[in-house]
Every structure is written in C-alpha cells, then in structure tokens.
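Participant: Input file: upload.cif. Contents: mmCIF, C-alpha atoms and all ligand atoms.
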```cif
data_input
loop_
_atom_site.label_atom_id
_atom_site.label_comp_id
_atom_site.auth_asym_id
_atom_site.auth_seq_id
_atom_site.Cartn_x
_atom_site.Cartn_y
_atom_site.Cartn_z
CA MET X 1 14.07 87.11 -137.81
CA SER X 2 16.88 89.59 -137.28
CA ASN X 3 17.02 91.97 -134.34
CA LYS X 4 16.61 94.82 -136.80
CA ASN X 5 13.31 93.50 -138.15
CA ASP X 6 12.02 92.78 -134.64
CA PHE X 7 13.10 96.22 -133.47
CA LEU X 8 11.28 97.91 -136.31
CA LYS X 9 8.24 95.71 -135.81
CA TYR X 10 7.82 95.52 -132.05
CA GLN X 11 9.34 98.77 -130.75
CA ALA X 12 7.48 101.98 -131.50
CA GLN X 13 9.40 104.14 -133.94
CA ILE X 14 9.69 107.90 -133.70
CA SER X 15 11.46 108.53 -137.00
CA LYS X 16 11.88 106.89 -140.38
CA THR X 17 15.66 106.88 -140.05
CA PRO X 18 16.82 105.36 -136.74
CA LEU X 19 20.57 104.74 -136.54
CA LEU X 20 20.04 101.02 -135.87
CA ILE X 21 23.32 100.09 -134.19
CA ASN X 22 22.67 96.63 -132.75
CA VAL X 23 24.35 97.25 -129.39
CA LYS X 24 26.21 94.40 -127.75
CA LYS X 25 28.14 96.30 -125.11
CA ALA X 26 29.53 99.74 -124.31
CA THR X 27 32.56 100.77 -122.30
CA GLY X 28 34.29 104.13 -121.88
CA SER X 29 33.81 106.12 -125.08
CA TYR X 30 33.05 103.04 -127.19
CA VAL X 31 29.89 101.27 -128.23
CA TYR X 32 30.24 97.79 -129.80
CA ASP X 33 27.71 96.19 -132.10
CA ASP X 34 26.80 92.52 -132.52
CA ASN X 35 29.70 92.09 -134.98
CA ASN X 36 32.08 93.58 -132.41
CA LYS X 37 32.48 96.68 -134.57
CA ARG X 38 33.71 99.52 -132.38
CA TYR X 39 32.17 102.97 -132.58
CA ILE X 40 33.63 106.06 -130.91
CA ASP X 41 30.62 107.58 -129.19
CA LEU X 42 30.57 111.35 -129.72
CA VAL X 43 26.98 111.68 -128.53
CA ALA X 44 26.94 109.93 -125.12
CA GLY X 45 23.23 109.21 -125.18
CA VAL X 46 22.60 112.88 -126.03
CA SER X 47 24.64 114.40 -123.19
CA SER X 48 23.66 111.68 -120.72
CA CYS X 49 26.67 109.40 -120.25
CA THR X 50 28.79 111.94 -118.43
CA LEU X 51 31.51 109.45 -117.46
CA GLY X 52 31.20 107.36 -120.61
CA HIS X 53 29.78 103.86 -120.61
CA SER X 54 30.05 101.41 -117.73
CA HIS X 55 32.34 103.62 -115.66
CA PRO X 56 33.72 101.48 -112.81
CA SER X 57 32.56 103.96 -110.15
CA ILE X 58 28.99 103.80 -111.44
CA ILE X 59 28.98 100.03 -111.80
CA LYS X 60 30.29 99.71 -108.24
CA ALA X 61 27.75 102.15 -106.81
CA VAL X 62 24.86 100.48 -108.63
CA LYS X 63 25.92 96.98 -107.56
CA GLU X 64 26.37 98.04 -103.93
CA GLN X 65 22.94 99.64 -103.90
CA LEU X 66 21.34 96.58 -105.55
CA ASP X 67 22.74 94.47 -102.73
CA LEU X 68 21.13 96.76 -100.15
CA HIS X 69 17.71 97.53 -101.59
CA THR X 70 15.93 98.73 -104.72
CA HIS X 71 12.52 100.44 -104.59
CA VAL X 72 10.99 100.44 -101.13
CA MET X 73 8.40 103.22 -101.04
CA VAL X 74 6.93 106.11 -103.07
CA TYR X 75 8.88 109.37 -103.06
CA GLY X 76 9.13 111.33 -99.85
CA GLU X 77 8.11 108.82 -97.17
CA PHE X 78 11.18 106.80 -96.17
CA ILE X 79 14.69 108.06 -95.49
CA GLN X 80 16.99 106.38 -98.00
CA GLN X 81 20.73 106.95 -97.96
CA LYS X 82 21.52 107.58 -101.64
CA PRO X 83 18.65 109.98 -102.45
CA LEU X 84 19.54 111.92 -99.29
CA GLU X 85 23.25 111.98 -100.15
CA LEU X 86 22.40 113.24 -103.64
CA ALA X 87 20.18 116.04 -102.35
CA ILE X 88 22.93 117.13 -99.95
CA LEU X 89 25.54 117.07 -102.75
CA LEU X 90 23.33 119.17 -105.04
CA ALA X 91 22.83 121.71 -102.26
CA LYS X 92 26.60 121.83 -101.83
CA TYR X 93 27.31 122.64 -105.48
CA LEU X 94 24.29 124.85 -106.27
CA PRO X 95 23.80 128.45 -105.02
CA VAL X 96 22.85 128.73 -101.33
CA LYS X 97 19.18 129.39 -102.05
CA LEU X 98 18.85 126.27 -104.21
CA ASN X 99 19.07 123.97 -101.25
CA CYS X 100 16.11 121.60 -101.49
CA THR X 101 15.70 118.87 -104.11
CA TYR X 102 12.72 116.96 -105.43
CA LEU X 103 13.93 113.82 -107.21
CA VAL X 104 12.03 112.55 -110.23
CA ASN X 105 12.54 110.10 -113.10
CA SER X 106 13.33 112.21 -116.15
CA GLY X 107 13.95 115.65 -117.55
CA THR X 108 10.41 116.22 -118.63
CA GLU X 109 9.11 115.33 -115.16
CA ALA X 110 11.55 117.81 -113.63
CA ILE X 111 10.15 120.52 -115.93
CA GLU X 112 6.56 119.54 -115.08
CA GLY X 113 7.41 119.76 -111.37
CA ALA X 114 9.11 123.13 -111.76
CA ILE X 115 6.18 124.65 -113.70
CA LYS X 116 3.75 123.32 -111.10
CA LEU X 117 5.85 124.61 -108.21
CA ALA X 118 5.92 128.12 -109.72
CA LYS X 119 2.14 128.08 -110.30
CA ARG X 120 1.47 126.80 -106.82
CA LYS X 121 3.63 129.56 -105.35
CA ASN X 122 2.42 132.60 -107.26
CA ARG X 123 -1.00 131.31 -108.42
CA ARG X 124 -0.47 132.73 -111.92
CA LYS X 125 -1.17 131.10 -115.27
CA THR X 126 1.30 132.22 -117.89
CA VAL X 127 4.47 130.28 -118.65
CA ILE X 128 7.12 131.82 -120.91
CA SER X 129 9.76 129.81 -122.74
CA CYS X 130 11.88 130.35 -125.83
CA PHE X 131 11.42 129.61 -129.48
CA ASN X 132 13.48 126.55 -130.41
CA SER X 133 13.52 125.32 -126.84
CA TYR X 134 13.03 121.67 -126.01
CA HIS X 135 11.93 120.88 -122.47
CA GLY X 136 10.50 117.39 -122.87
CA SER X 137 7.58 115.60 -124.47
CA THR X 138 4.87 115.32 -121.81
CA GLN X 139 1.94 117.70 -122.05
CA GLY X 140 3.30 120.52 -119.86
CA SER X 141 6.83 120.44 -121.25
CA LEU X 142 5.48 120.08 -124.78
CA SER X 143 3.27 123.13 -124.20
CA ALA X 144 6.47 125.05 -123.42
CA MET X 145 8.33 123.79 -126.48
CA GLY X 146 9.34 126.53 -128.87
CA ALA X 147 8.20 124.98 -132.15
CA ASN X 148 4.56 124.95 -133.23
CA TYR X 149 5.04 122.26 -135.86
CA MET X 150 5.92 119.83 -133.05
CA LYS X 151 2.84 120.76 -131.04
CA LYS X 152 -0.05 121.39 -133.36
CA ASN X 153 -1.11 117.77 -133.98
CA TYR X 154 -1.14 117.13 -130.22
CA GLU X 155 -3.49 119.97 -129.32
CA PRO X 156 -5.22 120.90 -127.14
CA LEU X 157 -2.15 121.46 -124.98
CA ILE X 158 -1.95 123.58 -121.85
CA PRO X 159 -3.07 127.19 -122.47
CA HIS X 160 -1.23 130.35 -121.41
CA HIS X 161 2.14 129.28 -122.79
CA ARG X 162 4.06 131.85 -124.84
CA ASN X 163 7.42 131.77 -126.57
CA ILE X 164 9.97 134.57 -126.74
CA ARG X 165 13.10 134.83 -128.85
CA TYR X 166 16.31 133.53 -127.25
CA ASN X 167 18.77 136.30 -126.47
CA ASN X 168 16.23 138.91 -127.57
CA PHE X 169 15.70 141.91 -125.30
CA GLU X 170 12.55 143.32 -126.93
CA ASP X 171 10.54 140.18 -126.22
CA LEU X 172 11.16 140.53 -122.49
CA SER X 173 8.32 143.04 -122.40
CA VAL X 174 5.92 140.05 -122.02
CA LEU X 175 7.37 139.31 -118.57
CA ASP X 176 4.66 141.10 -116.62
CA LYS X 177 2.86 140.37 -113.37
CA ASP X 178 0.59 137.76 -115.01
CA VAL X 179 3.57 135.52 -115.67
CA SER X 180 4.15 132.59 -113.34
CA SER X 181 7.48 131.34 -114.65
CA VAL X 182 10.01 131.76 -117.41
CA ILE X 183 12.00 128.72 -118.50
CA ILE X 184 15.45 129.26 -119.98
CA GLU X 185 18.18 126.87 -121.12
CA PRO X 186 21.60 128.41 -120.38
CA VAL X 187 22.67 126.77 -123.65
CA GLN X 188 19.95 125.73 -126.11
CA GLY X 189 20.22 121.98 -126.59
CA GLY X 190 18.04 121.77 -129.70
CA THR X 191 19.60 124.53 -131.77
CA ASN X 192 23.30 124.83 -132.49
CA PHE X 193 24.13 125.01 -128.77
CA GLU X 194 23.50 128.76 -128.71
CA VAL X 195 24.68 130.23 -125.42
CA ALA X 196 22.51 132.69 -123.45
CA GLN X 197 24.10 136.13 -123.20
CA LYS X 198 24.98 137.24 -119.70
CA LYS X 199 23.39 140.68 -120.29
CA TRP X 200 20.14 139.05 -121.41
CA LEU X 201 19.99 136.71 -118.41
CA LYS X 202 20.74 139.61 -116.08
CA GLU X 203 17.83 141.54 -117.54
CA ILE X 204 15.51 138.53 -117.18
CA ARG X 205 16.66 138.07 -113.58
CA LYS X 206 15.96 141.73 -112.84
CA ILE X 207 12.45 141.60 -114.31
CA CYS X 208 11.64 138.27 -112.62
CA THR X 209 12.67 139.63 -109.23
CA LYS X 210 10.70 142.85 -109.76
CA ASN X 211 7.54 141.05 -110.93
CA SER X 212 7.82 137.99 -108.65
CA ILE X 213 8.19 135.60 -111.58
CA GLU X 214 9.95 132.29 -110.95
CA LEU X 215 13.04 131.96 -113.14
CA ILE X 216 13.47 128.31 -114.08
CA TYR X 217 16.68 127.09 -115.70
CA ASP X 218 16.46 123.95 -117.76
CA GLU X 219 19.91 122.52 -117.05
CA ILE X 220 18.97 119.09 -118.26
CA GLN X 221 21.77 119.19 -120.84
CA THR X 222 24.05 121.86 -119.37
CA GLY X 223 24.06 120.42 -115.86
CA ILE X 224 26.82 118.31 -114.35
CA GLY X 225 29.93 119.49 -116.10
CA ARG X 226 29.06 119.55 -119.79
CA THR X 227 29.79 123.26 -120.32
CA GLY X 228 33.07 123.13 -118.40
CA LYS X 229 31.29 124.24 -115.22
CA MET X 230 29.35 122.02 -112.85
CA PHE X 231 26.17 123.93 -113.77
CA GLY X 232 25.38 126.13 -116.76
CA TYR X 233 24.28 129.05 -114.56
CA GLU X 234 27.94 129.48 -113.59
CA LEU X 235 28.71 130.66 -117.14
CA SER X 236 26.86 133.90 -116.45
CA GLY X 237 26.66 133.89 -112.66
CA VAL X 238 22.95 134.72 -113.01
CA LYS X 239 21.03 132.47 -110.64
CA PRO X 240 17.61 130.91 -111.17
CA ASP X 241 14.85 130.30 -108.61
CA ILE X 242 14.37 126.72 -109.73
CA VAL X 243 16.81 124.51 -111.61
CA CYS X 244 15.89 121.34 -113.52
CA LEU X 245 18.39 118.51 -113.95
CA ALA X 246 18.35 115.06 -115.59
CA LYS X 247 20.35 113.37 -118.36
CA GLY X 248 24.02 113.67 -117.29
CA LEU X 249 23.10 113.70 -113.61
CA GLY X 250 22.57 109.93 -113.62
CA GLY X 251 25.71 109.10 -115.61
CA GLY X 252 23.63 106.78 -117.79
CA MET X 253 20.90 105.88 -115.31
CA PRO X 254 17.43 107.48 -115.47
CA ILE X 255 16.89 110.32 -113.03
CA GLY X 256 15.68 113.90 -112.89
CA ALA X 257 15.48 116.59 -110.26
CA PHE X 258 14.09 120.06 -109.69
CA VAL X 259 15.82 122.08 -107.06
CA SER X 260 14.67 125.27 -105.36
CA SER X 261 14.65 126.88 -101.92
CA LYS X 262 13.30 125.01 -98.91
CA LYS X 263 10.67 127.74 -98.61
CA ASN X 264 9.49 127.29 -102.19
CA MET X 265 9.41 123.52 -101.92
CA SER X 266 7.23 123.69 -98.82
CA TYR X 267 4.33 124.70 -101.11
CA LEU X 268 4.21 121.12 -102.40
CA SER X 269 3.29 119.74 -98.98
CA VAL X 270 0.30 121.96 -98.22
CA ASN X 271 -3.03 122.87 -99.76
CA PRO X 272 -3.09 120.26 -101.11
CA SER X 273 -0.53 118.03 -99.48
CA LEU X 274 1.06 115.59 -101.95
CA GLY X 275 1.34 118.42 -104.50
CA HIS X 276 3.58 116.32 -106.72
CA ILE X 277 3.58 112.56 -106.42
CA THR X 278 6.00 110.11 -108.00
CA THR X 279 6.41 106.41 -107.33
CA PHE X 280 9.93 105.82 -108.60
CA GLY X 281 11.32 109.38 -108.39
CA GLY X 282 14.64 109.28 -106.56
CA HIS X 283 15.07 105.55 -107.17
CA PRO X 284 17.94 104.51 -104.89
CA VAL X 285 19.88 102.70 -107.64
CA CYS X 286 19.72 105.75 -109.93
CA CYS X 287 20.63 108.04 -107.03
CA ALA X 288 23.64 105.84 -106.26
CA ALA X 289 24.74 106.32 -109.89
CA ALA X 290 24.19 110.09 -109.66
CA VAL X 291 26.19 110.38 -106.43
CA ALA X 292 29.02 108.36 -108.02
CA THR X 293 28.89 110.59 -111.11
CA ILE X 294 29.25 113.82 -109.11
CA ARG X 295 31.91 112.41 -106.78
CA THR X 296 33.97 111.00 -109.68
CA LEU X 297 33.69 114.24 -111.65
CA THR X 298 34.96 116.28 -108.75
CA SER X 299 37.61 113.94 -107.36
CA ASN X 300 39.15 113.28 -110.80
CA LYS X 301 38.95 116.96 -111.83
CA ILE X 302 37.13 115.94 -115.02
CA ILE X 303 35.23 119.20 -115.43
CA GLU X 304 38.48 121.17 -115.34
CA LYS X 305 39.60 119.30 -118.49
CA VAL X 306 36.46 120.00 -120.53
CA GLU X 307 37.72 123.27 -122.04
CA SER X 308 41.07 121.81 -123.18
CA LYS X 309 39.20 118.87 -124.75
CA ARG X 310 36.99 121.33 -126.61
CA GLN X 311 40.09 123.14 -127.85
CA LEU X 312 41.56 119.85 -129.07
CA PHE X 313 38.37 119.17 -131.06
CA LEU X 314 38.52 122.67 -132.56
CA GLU X 315 42.19 122.31 -133.42
CA HIS X 316 41.57 119.02 -135.24
CA LEU X 317 38.31 119.97 -136.89
CA SER X 318 39.56 122.29 -139.53
CA HIS X 319 38.05 121.35 -142.91
CA PRO X 320 36.78 123.38 -145.88
CA LYS X 321 33.32 121.78 -145.57
CA ILE X 322 32.93 122.93 -141.95
CA LYS X 323 31.37 126.38 -142.09
CA LYS X 324 31.51 127.13 -138.39
CA ILE X 325 31.72 125.41 -135.02
CA HIS X 326 29.27 126.58 -132.35
CA GLY X 327 28.67 125.87 -128.66
CA ILE X 328 30.59 125.75 -125.45
CA GLY X 329 32.50 123.09 -123.52
CA LEU X 330 31.70 119.61 -124.80
CA MET X 331 28.55 120.88 -126.48
CA ILE X 332 29.91 121.19 -129.99
CA ALA X 333 27.81 121.92 -133.08
CA ILE X 334 29.52 121.50 -136.44
CA GLU X 335 27.82 123.57 -139.13
CA LEU X 336 27.81 122.05 -142.61
CA GLU X 337 26.32 123.24 -145.90
CA ASN X 338 22.73 122.09 -145.39
CA GLU X 339 20.40 119.42 -143.99
CA LYS X 340 21.23 116.97 -146.76
CA SER X 341 24.96 117.16 -146.05
CA CYS X 342 24.29 116.62 -142.33
CA ASN X 343 22.14 113.54 -142.95
CA LYS X 344 24.73 112.08 -145.27
CA PHE X 345 27.49 112.88 -142.81
CA VAL X 346 25.88 111.17 -139.80
CA LYS X 347 25.29 107.97 -141.81
CA LYS X 348 28.78 107.89 -143.33
CA ALA X 349 30.44 108.64 -139.98
CA LEU X 350 28.55 105.74 -138.47
CA GLU X 351 29.78 103.43 -141.21
CA LYS X 352 33.31 104.56 -140.38
CA GLY X 353 32.85 103.97 -136.67
CA VAL X 354 31.96 107.40 -135.22
CA ILE X 355 28.60 108.17 -133.64
CA THR X 356 27.35 111.72 -134.20
CA PHE X 357 23.78 112.99 -134.18
CA TYR X 358 21.37 115.67 -135.28
CA PHE X 359 19.81 118.71 -133.63
CA LEU X 360 16.06 118.93 -133.20
CA PHE X 361 15.76 122.42 -134.68
CA ASN X 362 18.99 123.30 -136.45
CA LYS X 363 19.23 120.99 -139.41
CA ASN X 364 22.54 122.40 -140.72
CA CYS X 365 24.52 121.27 -137.70
CA ILE X 366 25.94 118.00 -136.37
CA ARG X 367 25.90 117.30 -132.65
CA ILE X 368 29.09 116.37 -130.80
CA SER X 369 28.52 115.82 -127.08
CA PRO X 370 30.91 113.04 -126.08
CA PRO X 371 31.48 111.58 -122.62
CA LEU X 372 33.38 114.16 -120.56
CA THR X 373 35.93 111.39 -119.97
CA ILE X 374 36.78 111.00 -123.67
CA SER X 375 40.52 110.51 -124.10
CA LEU X 376 42.74 112.87 -126.10
CA ASN X 377 43.57 110.00 -128.48
CA ASP X 378 39.89 109.32 -129.12
CA ILE X 379 39.30 113.00 -129.85
CA ILE X 380 42.15 113.03 -132.37
CA GLU X 381 41.10 109.71 -133.96
CA SER X 382 37.44 110.71 -134.24
CA CYS X 383 38.33 114.10 -135.75
CA SER X 384 40.49 112.39 -138.33
CA ILE X 385 37.56 110.08 -139.24
CA ILE X 386 35.22 113.10 -139.38
CA LYS X 387 37.55 114.82 -141.85
CA ASN X 388 37.75 111.67 -144.01
CA VAL X 389 33.97 111.46 -144.03
CA LEU X 390 33.74 115.12 -145.04
CA ASP X 391 36.21 114.47 -147.90
CA ASP X 392 33.91 111.68 -149.11
CA CYS X 393 30.62 113.52 -148.66
C1 LIG B 1 17.19 120.71 -122.52
C2 LIG B 1 16.32 119.53 -122.31
N1 LIG B 1 15.26 119.64 -121.49
C3 LIG B 1 14.45 118.60 -121.25
C4 LIG B 1 14.66 117.37 -121.84
C5 LIG B 1 13.74 116.22 -121.54
O1 LIG B 1 14.42 115.23 -120.84
P1 LIG B 1 13.86 113.73 -120.82
O2 LIG B 1 14.10 113.15 -122.18
O3 LIG B 1 14.67 113.05 -119.75
O4 LIG B 1 12.42 113.81 -120.48
C6 LIG B 1 15.74 117.22 -122.72
C7 LIG B 1 15.97 115.95 -123.39
O5 LIG B 1 16.57 115.87 -124.45
C8 LIG B 1 16.59 118.32 -122.95
O6 LIG B 1 17.64 118.23 -123.77
#
```
Write the structure described by the file as structure tokens, please.
Facilitator:
Amino acid sequence: MSNKNDFLKYQAQISKTPLLINVKKATGSYVYDDNNKRYIDLVAGVSSCTLGHSHPSIIKAVKEQLDLHTHVMVYGEFIQQKPLELAILLAKYLPVKLNCTYLVNSGTEAIEGAIKLAKRKNRRKTVISCFNSYHGSTQGSLSAMGANYMKKNYEPLIPHHRNIRYNNFEDLSVLDKDVSSVIIEPVQGGTNFEVAQKKWLKEIRKICTKNSIELIYDEIQTGIGRTGKMFGYELSGVKPDIVCLAKGLGGGMPIGAFVSSKKNMSYLSVNPSLGHITTFGGHPVCCAAAVATIRTLTSNKIIEKVESKRQLFLEHLSHPKIKKIHGIGLMIAIELENEKSCNKFVKKALEKGVITFYFLFNKNCIRISPPLTISLNDIIESCSIIKNVLDDC
C-alpha cells in the first residue's frame, strides 16, 4: 500500500484536503518528495522554520545536546545548560520586566500557562481576546479563539471568555476590573496578517495598567524575527505583561514559552506550589535548537534583511489577479478574488513546485511565510512561478 493510503488510513485527518507531499528530506528553503521533486517552501511549517530546514547551526546544536543528555527530569527541578541559556537570552532581548521564562512544549501550552498565571495573580475570571484570533486548540486556548463556528461543537468550554474586535476602540469598554487578562496578537496570524495599530495597543496598555489587567501578547507567530523585529511588540513599542512564544523559537523543533516578570512568575510556586507542571517543557534538545536559532539570527543579521526580502516579494508579485498584498515583514498575505481561486492556486502552485498555504479565517488570501533565510534567487523564482500559476488559474 502506498504511503498516501497509509497516511490517510492510520493518521488522524483534520481536513478533507491535506496537501499530501510525501516528504523525503528538506534543506534550506526546499522540501523534496519521494520522487526527488523540489518544492520551494514559502510556508516554513507555518512560520516555524525560522532558519529554513536542517540549518547547520541547528543540526550541530541538536547533535551536541543529544551526545550530552536528553530528558532527565520534569520541568523546574534540575539545572540544565540549554534551557538556562535560552531563558537568559530571552531576558536579554525582551523588555527589562519580561525577565523570567517558563518553558513549555507548544504554543497552546504557552497560552494556557499565561492565562493561568494572570488568573493566579489577580484572582479574576474574565479573559478577553479578539475575534478571528487563533491561540491554540486545547480547551483554554480554544475558549479564547475568536470564531464560534470552531468552538460550538466542542462545548462546554471555559466560561467567562469574551471576544472584542481587533483594532476597534469601542470594544475596549469591556476591559473593566473583572477582567483577568487580555490576549492580543501583534499581527493576527489567522486573518490576512492584520497588524495591530499602535494607538489601539497604547489604549489597551493604558486601560490594563489602570485596571490591573494582565496584557498578554501572543507572539507565537510574530516572535523571533518574522516581522523584521526580534519580537512583534517592537513594532509599536507597547509592552505586554506576559509574552507567549513558540513556533519559530525552536527553528523547527517543538518548544513554547511564556515570559513575564520574576515577581509574576513567583505566583506559580506558591499556594499551591507546582502551579503549572510539565514533564517535557524546556526539553534540552529543543532548547539547544532555540538557542542556536536566536544566536544564528543575531550573528548573521538575518532579521535586518527581512524588510528588503519583503520588498523583493512585493516588487515581483505584481499581477492583475492579485487584489492586494497585506501583512508585515515575512508575513505576506496575497489577496485573490475569492476562496475558490485561493484553493485552486495553492494546489496548482504545489504542482509547479511552490508551497503556499491558507489562512484559518480569511479565505480570500494566500499565506506566504517563508524561512527568514530564503535567498533572493528563491524569492524571484517563486514569484515567477506564482505569476505563472495565476495566469493559468
Ligand atoms: C498565533 C498563534 N497562537 C497560538 C498557536 C498555537 O501554537 P501550537 O500549534 O504550537 O499549539 C498558533 C499556531 O498556529 C498561532 O499561530
């Protein structure tokens, strides 16, 4: 039986239309299938493979860590070099008050931890997040998701969650003293990469400070260079109380983190102690990959080149069928006519050797979120293929 049949039979499916590339290997910005067909990867595991595939610095770091030790103890008991180094690095690049990291396994676990930390601190119930936000698929993160159609068949979820409109000032009136936390993505990953307005974030910050609400940024997609800044909060300069990271942090290895002040984090160790437990959170091999990702990004000045790479995409993506291009940095959303044209486009582009993808909520847009290391030639080649596909569609 073919891999495809086995995949469809034995691995749980979450859609009727998986892309079904039969992956043999992946290096740099390329994925190869079992027939050695090369695909230019413009999705990077949905903003995860920051340095592309199999970056030598990540391979080296992972191998070195494997030779030393893998899992030795549940989170928080033993001192392990790579998790410690990662926490110190995050404190170095985040605002002074965000100086203490709790390492977890995924984005959704980071969100769960952040919501719990806020509740533990201010003992309030209500959690505010935005319509069209995606924060993960476990019960707490799902409760925060800004789309009822995704939630209603999984009810009952966690009560006291409310959604507000992104970039809408009127809706901020719900941010009263009953609210525990508000979760904001600096750029919405599930829409057309809509960017939060500085004025709006400033107003949220002001209200949160006044009403002692914890402001949580979901930087699971924006974190670690993707917007052209190390962190998405730098776009506005408006700082959160808690920041959640995952995806690109691990450069292709599974990791998550929520970061806050040392004072805030101390709530997790008292009344009750062990306020958030994770077995594999901060796995040393994943932390080694994350440290290598951050060090390579900074030493090779990769983030500094994100904006010029975006401009190159924009320059080469002029086509009558493209209605508009949205987003920031290497979060690029190409708006086409409608959902049907997007579906057709993604399939045709794949046939022609370019991986693109959809958005969860905006069905008229195509996602481009390539490795930050993508070469200028690969940008030009992939744009030329995209235009050919659009001619054919
Ligand atoms: C903005 C955002 N938050 C949270 C998550 C959840 O991350 P994970 O899939 O690692 O649980 C995602 C994943 O796509 C995301 O894009």
Participant: Please identify all protein, DNA and RNA residues within 10 Å of ligand LIG 1 (chain B), counting only C-alpha atoms and all ligand atoms, and report them as an MDAnalysis selection string.
Facilitator: chainID X and resid 45:48 104:112 133:138 141:142 145 184:190 217:223 244:248 254:256 360
Participant: May I have the residues within 10 Å of stretch 287-300 of chain X as a ChimeraX atom specification, using all atoms listed in the file and disregarding those fewer than 4 positions away in the same chain?
Facilitator: /X:49-51,55-66,80-90,93,103,224-225,230,246,248-256,281-283,304-305,372-373
Participant: Tell me which of X:Ile385, X:Leu98, X:Ile334, X:Ile277 sits closest to X:Lys363, counting all atoms listed in the file.
Facilitator: X:Ile334
Participant: Would you mind reading off the distance between atom CA of X:Asp176 and atom CA of X:Lys239, one decimal, in Å?
Facilitator: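 For atom CA of X:Asp176 relative to atom CA of X:Lys239, the distance reads 19.4 Å.
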Participant: My list of candidates is X:Asn153, X:Ser212, X:Ser173, X:Thr191. Which is closest to X:Phe361 when distances are computed with all atoms listed in the file?
Facilitator: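 Looking only at the distances to X:Phe361, the closest residue turns out to be X:Thr191.
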Participant: Nearest residue to X:Glu351 out of X:Leu175, X:Ala91, X:Val389, X:Val243, using only C-alpha atoms?
Facilitator: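 Checking each of X:Leu175, X:Ala91, X:Val389, X:Val243 against X:Glu351, counting only C-alpha atoms, the winner is X:Val389.
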